[in-house]
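Comments concern the structure below.
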Amino acid sequence: MATGEAKDNTVKAAEIEARLGLGRRRGRWRGWLWGLGLAVVVVGGVTLWRALGPGEDGAAYRTAPASLADLVVTVTATGTVEPTNLVEISSELSGTLRGVAVDYNDMVKAGQVLATLDTTKLEAELAVAEANVTAAQAQLERARATLVEARDNYDRAAELDARGVTSHQSLIAQRAAFDRAAAEVTVAEANLELARAQRGLVQADLDKACICSPIDGVVLDRAADVGQIVASALTAPVLFTVAEDLTEMEVQVAVDEADIGAISEGDRVVFTVDAYDDRSFPAEIKTIRYASETVEGVVSYTAVLAVRNDDLSLRPGMTATADIIVAELQGVLAVPNAALRYAPVVEVEEDSEGGGGLLSMIMPHRPDAGARASGKSIWVLRDGAPVEVPVEPGQSDGSLTEIRSGELSAGELVILGEGG
């Protein structure tokens with residue numbers, strides 16, 4: 001009974017679907033989807049063809065005239081502004097800072113006191129050393145007096161021995177006493193020198209307790225405060241950083257290995273810093289270091305630029321962007337760099353079998369751009385048609401390139417690209 005009712009329900013559902021046309025609609029929807037997809041592909045292909053390919057009536061070219069120009073060829077490098085001579089001043093002694101005499105930006109002279117350590121212990125040690133020197137001097141005087149006495153006794157004994165008045169044994173004893181006295185003088189002299197040397201060591205430590213500037217300059221950094229304990233036994237602490245004569249600075253820039261062969265010592269340089277966007281500073285390459293530096297796989301060499309800083313506008317640590325002038329060309333024939341990169345696309349013949357699948361049937365084919373100029377020729381617009389002209393390119397300033405030779409004249413229109 002249940003089976004018969006299920007068959008009746010199935011037949012009724014099929015009749016309802018047939019009357020409403022649901023089956024036909026499903027088929028039509030599939031057809032619409034295929035048609036829509038095909039239309040999208042066709043429209044996209046035509047749009048891409050019109051955007052990238054030339055029309056049947058020829059391409060519209062972007063051109064610029066070849067001209068006589070002055071080119072300044074530069075190599076760009078970045079670095080930092082540094083003092084010519086920078087000294088970090090530390091303390092060789094351990095102790096407590098008793099006084100600090102200078103602060104940031106103070107001008108100092110060579111030998112000027114920057115800070116002092118507590119010298120109570122050193123002064124006591126120096127007093128002991130002075131006393132040892134005095135004692136050694138006294139011992140030396142006593143030894144010399146003893147030597148004089150021993151010499152007189154020996155001379156007298158020798159005279160008596162020559163006259164036969166005393167025994168020869170007495171002469172030998174006086175001789176031995178004289179030699180011992182001479183040795184005592186030598187020992188006393190050595191003890192005096194030792195005492196003086198020890199006093200010199202203590203005096204040297206006492207002199208080092210005064211932390212002084214070794215050069216004339218300006219205090220850039222100060223890491224010393226009164227009461228601070230200095231422990232130089234482990235690592236000598238940097239208490240002051242002094243720069244010598246900030247009117248003469250240097251800029252250390254990193255030059256890429258690809259450009260290092262183009263620069264040389266004495267080349268003129270113009271650089272800028274972030275602090276003065278509208279100002280350029282002149283400089284000159286003072287030295288190019290042979291040692292290389294590798295950072296993240298990039299090899300560079302340091303070039304040191306000499307800079308005058310009379311107005312003290314440049315400060316240590318500023319980031320500098322330098323343009324090193326490697327060549328200056330006057331009145332040379334030049335074209336935009338884009339002209340050396342342009343080459344027209346090359347038409348490709350269709351396959352003899354007309355293959356390519358459905359996409360090639362509904363979408364225009366973009367001519368292959370594989371055969372392009374190698375940079376040794378440019379394309380010139382002559383009588384409305386592009387003409388390839390072999391040339392010998394020279395140096396470039398980044399926007400224009402020198403043309404050293406080739407059948408090109410100033411004023412001729414060189415092709416930079418296609419499209420308006």
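Naming works like this for the structure tokens: A, B, ... for the chains as they're shown, residue 1 at the start of each chain, ligands 1 onward in shown order.
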Long-range neighbours of segment 291-299 of chain A as a VMD selection string, 10 Å cut-off, only C-alpha atoms, 6 positions minimum in chain: chain A and resid 254 to 258
Quick one: everything within 7 Å of segment 182-187 of chain A, counting only C-alpha atoms, minus sequence neighbours fewer than 2 positions away in the same chain. Send it as a PyMOL selection string. chain A and resi 140+143-144+147+178-180+189-191
Please produce an output containing C-alpha atoms for each residue in the selection, written as a compact mmCIF listing (two decimals), in the first residue's frame.
# COMPACT_ATOMS: atom_id res chain seq x y z
CA LEU A 140 123.81 54.83 50.97
CA ALA A 143 127.71 52.65 53.28
CA ARG A 144 129.91 55.27 51.65
CA LEU A 147 133.83 52.39 52.60
CA PHE A 178 137.37 47.12 52.31
CA ASP A 179 135.74 44.86 49.66
CA ARG A 180 132.68 44.32 51.86
CA GLU A 189 122.76 52.50 45.57
CA ALA A 190 120.49 49.76 44.18
CA ASN A 191 118.10 50.13 47.12
Write out as an MDAnalysis selection string each polymer residue whose atoms come within 8 Å of Leu206 of chain A, counting only C-alpha atoms; drop sequence neighbours fewer than 4 positions from it. chainID A and resid 119 122:123 202 210
If I take atom CA of Asp267 of chain A and atom CA of Val81 of chain A, how far is one from the other in Å, to one decimal?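 Value for the atom CA of Asp267 of chain A-atom CA of Val81 of chain A distance: 17.9 Å.
Considering the residues A:Thr134, A:Val335, A:Ala385, A:Gly419 and counting only C-alpha atoms, Thr401 of chain A has its shortest atom-to-atom contact with A:Val335.
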May I have the residues within 8 Å of Val251 of chain A as an NGL selection string, using only C-alpha atoms and disregarding those fewer than 2 positions away in the same chain? :A and (79-82 or 249 or 253 or 304-307 or 320)
Write out as a PyMOL selection string the residues lying within 10 Å of Asn105 of chain A, counting only C-alpha atoms and excluding same-chain residues fewer than 5 positions away. chain A and resi 217-222+242-243
Taking C-alpha atoms for each residue, export the selection above as a tab-separated table (two decimals), in the first residue's frame.
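Saved as result-v8.tsv:
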chain	number	residue	atom	x	y	z
A	217	GLY	CA	88.16	70.00	21.23
A	218	VAL	CA	84.56	69.88	22.41
A	219	VAL	CA	82.93	67.46	24.84
A	220	LEU	CA	80.38	65.41	22.89
A	221	ASP	CA	79.45	62.96	25.63
A	222	ARG	CA	79.87	62.73	29.39
A	242	VAL	CA	85.92	64.61	22.96
A	243	ALA	CA	85.89	65.62	19.29
Report the residues of segment 175-282 of chain A whose backbone DSSP state falls under alpha helix (DSSP H), written as an mmCIF file with C-alpha atoms, in the first residue's frame.
data_model
loop_
_atom_site.group_PDB
_atom_site.id
_atom_site.type_symbol
_atom_site.label_atom_id
_atom_site.label_comp_id
_atom_site.auth_asym_id
_atom_site.auth_seq_id
_atom_site.Cartn_x
_atom_site.Cartn_y
_atom_site.Cartn_z
ATOM 1 C CA ARG A 175 141.409 43.973 52.433
ATOM 2 C CA ALA A 176 138.291 41.877 52.992
ATOM 3 C CA ALA A 177 136.693 44.623 55.063
ATOM 4 C CA PHE A 178 137.371 47.121 52.308
ATOM 5 C CA ASP A 179 135.741 44.865 49.656
ATOM 6 C CA ARG A 180 132.677 44.316 51.860
ATOM 7 C CA ALA A 181 132.284 48.062 52.329
ATOM 8 C CA ALA A 182 132.446 48.626 48.572
ATOM 9 C CA ALA A 183 129.740 45.983 48.064
ATOM 10 C CA GLU A 184 127.554 47.611 50.686
ATOM 11 C CA VAL A 185 127.764 50.866 48.747
ATOM 12 C CA THR A 186 126.590 49.072 45.606
ATOM 13 C CA VAL A 187 123.663 47.499 47.481
ATOM 14 C CA ALA A 188 122.708 50.846 48.982
ATOM 15 C CA GLU A 189 122.756 52.496 45.567
ATOM 16 C CA ALA A 190 120.493 49.756 44.185
ATOM 17 C CA ASN A 191 118.096 50.128 47.115
ATOM 18 C CA LEU A 192 117.919 53.859 46.487
ATOM 19 C CA GLU A 193 117.091 53.322 42.796
ATOM 20 C CA LEU A 194 114.411 50.801 43.766
ATOM 21 C CA ALA A 195 112.868 53.210 46.240
ATOM 22 C CA ARG A 196 112.854 55.960 43.670
ATOM 23 C CA ALA A 197 111.204 53.664 41.080
ATOM 24 C CA GLN A 198 108.502 52.692 43.547
ATOM 25 C CA ARG A 199 107.920 56.335 44.294
ATOM 26 C CA GLY A 200 107.639 56.975 40.539
ATOM 27 C CA LEU A 201 104.961 54.290 40.204
ATOM 28 C CA VAL A 202 102.901 55.797 42.975
ATOM 29 C CA GLN A 203 103.374 59.273 41.528
ATOM 30 C CA ALA A 204 102.242 58.013 38.091
ATOM 31 C CA ASP A 205 99.074 56.572 39.606
ATOM 32 C CA LEU A 206 98.495 59.823 41.427
ATOM 33 C CA ASP A 207 98.898 61.751 38.174
ATOM 34 C CA LYS A 208 96.428 59.423 36.454
#
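Straight-line separation from atom CA of Gly95 of chain A to atom CA of Gly227 of chain A: 9.4 Å.
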Residues near Gly331 of chain A, cut-off 7 Å, only C-alpha atoms, skip fewer than 2 positions along chain, as JSON, numbers by chain: {"A": [68, 69, 70, 329, 333]}
Go ahead and write the residues just picked, all heavy atoms, as an mmCIF file, in the first residue's frame.
data_model
loop_
_atom_site.group_PDB
_atom_site.id
_atom_site.type_symbol
_atom_site.label_atom_id
_atom_site.label_comp_id
_atom_site.auth_asym_id
_atom_site.auth_seq_id
_atom_site.Cartn_x
_atom_site.Cartn_y
_atom_site.Cartn_z
ATOM 1 N N LEU A 68 71.468 68.382 -27.537
ATOM 2 C CA LEU A 68 72.798 68.624 -26.984
ATOM 3 C C LEU A 68 72.631 69.069 -25.537
ATOM 4 O O LEU A 68 71.926 70.033 -25.250
ATOM 5 C CB LEU A 68 73.528 69.696 -27.788
ATOM 6 C CG LEU A 68 73.799 69.365 -29.255
ATOM 7 C CD1 LEU A 68 74.496 70.532 -29.945
ATOM 8 C CD2 LEU A 68 74.649 68.105 -29.375
ATOM 9 N N ALA A 69 73.262 68.359 -24.627
ATOM 10 C CA ALA A 69 73.030 68.610 -23.202
ATOM 11 C C ALA A 69 74.339 68.516 -22.437
ATOM 12 O O ALA A 69 75.331 67.955 -22.913
ATOM 13 C CB ALA A 69 72.013 67.621 -22.647
ATOM 14 N N ASP A 70 74.321 69.099 -21.252
ATOM 15 C CA ASP A 70 75.431 68.979 -20.303
ATOM 16 C C ASP A 70 75.057 67.909 -19.287
ATOM 17 O O ASP A 70 74.034 68.009 -18.608
ATOM 18 C CB ASP A 70 75.689 70.305 -19.585
ATOM 19 C CG ASP A 70 76.106 71.402 -20.548
ATOM 20 O OD1 ASP A 70 76.615 71.059 -21.630
ATOM 21 O OD2 ASP A 70 75.916 72.587 -20.211
ATOM 22 N N LEU A 329 80.176 66.195 -18.597
ATOM 23 C CA LEU A 329 80.193 66.250 -20.056
ATOM 24 C C LEU A 329 79.484 67.516 -20.520
ATOM 25 O O LEU A 329 78.368 67.808 -20.074
ATOM 26 C CB LEU A 329 79.512 65.012 -20.641
ATOM 27 C CG LEU A 329 80.013 63.652 -20.116
ATOM 28 C CD1 LEU A 329 79.204 62.520 -20.710
ATOM 29 C CD2 LEU A 329 81.495 63.477 -20.421
ATOM 30 N N LEU A 333 75.640 64.982 -27.415
ATOM 31 C CA LEU A 333 74.360 64.513 -27.920
ATOM 32 C C LEU A 333 73.806 63.479 -26.954
ATOM 33 O O LEU A 333 74.496 62.503 -26.610
ATOM 34 C CB LEU A 333 74.537 63.902 -29.316
ATOM 35 C CG LEU A 333 73.257 63.420 -30.012
ATOM 36 C CD1 LEU A 333 72.303 64.584 -30.268
ATOM 37 C CD2 LEU A 333 73.613 62.715 -31.321
#
Quick one: DSSP strand (DSSP E) residues in segment 231-398 of chain A, as a ChimeraX atom specification? /A:238-256,268-273,276-295,298-308,319-336,377-382,385-396
Do a neighbour search on Ile285 of chain A at 12 Å with only C-alpha atoms, toss out local chain neighbours closer than 3 positions, and write the hits as a PyMOL selection string. chain A and resi 250-253+255+263-271+282+288-289+302-307+322-326
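Taking only C-alpha atoms into account, Val332 of chain A lies nearest to A:Glu402 out of the set A:Glu402, A:Arg98, A:Val75, A:Thr146.
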Could you check which of A:Ala162, A:Ala339, A:Gly394, A:Ser377 is closest to Pro65 of chain A, using only C-alpha atoms? A:Ala339
Separation of atom CA of Leu97 of chain A from atom CA of Pro214 of chain A, in Å and rounded to one decimal: 19.0 Å
Return the single residue from A:Leu126, A:Leu413, A:Leu400, A:Ala157 that is closest to Asp383 of chain A, with distances computed using only C-alpha atoms. A:Leu413
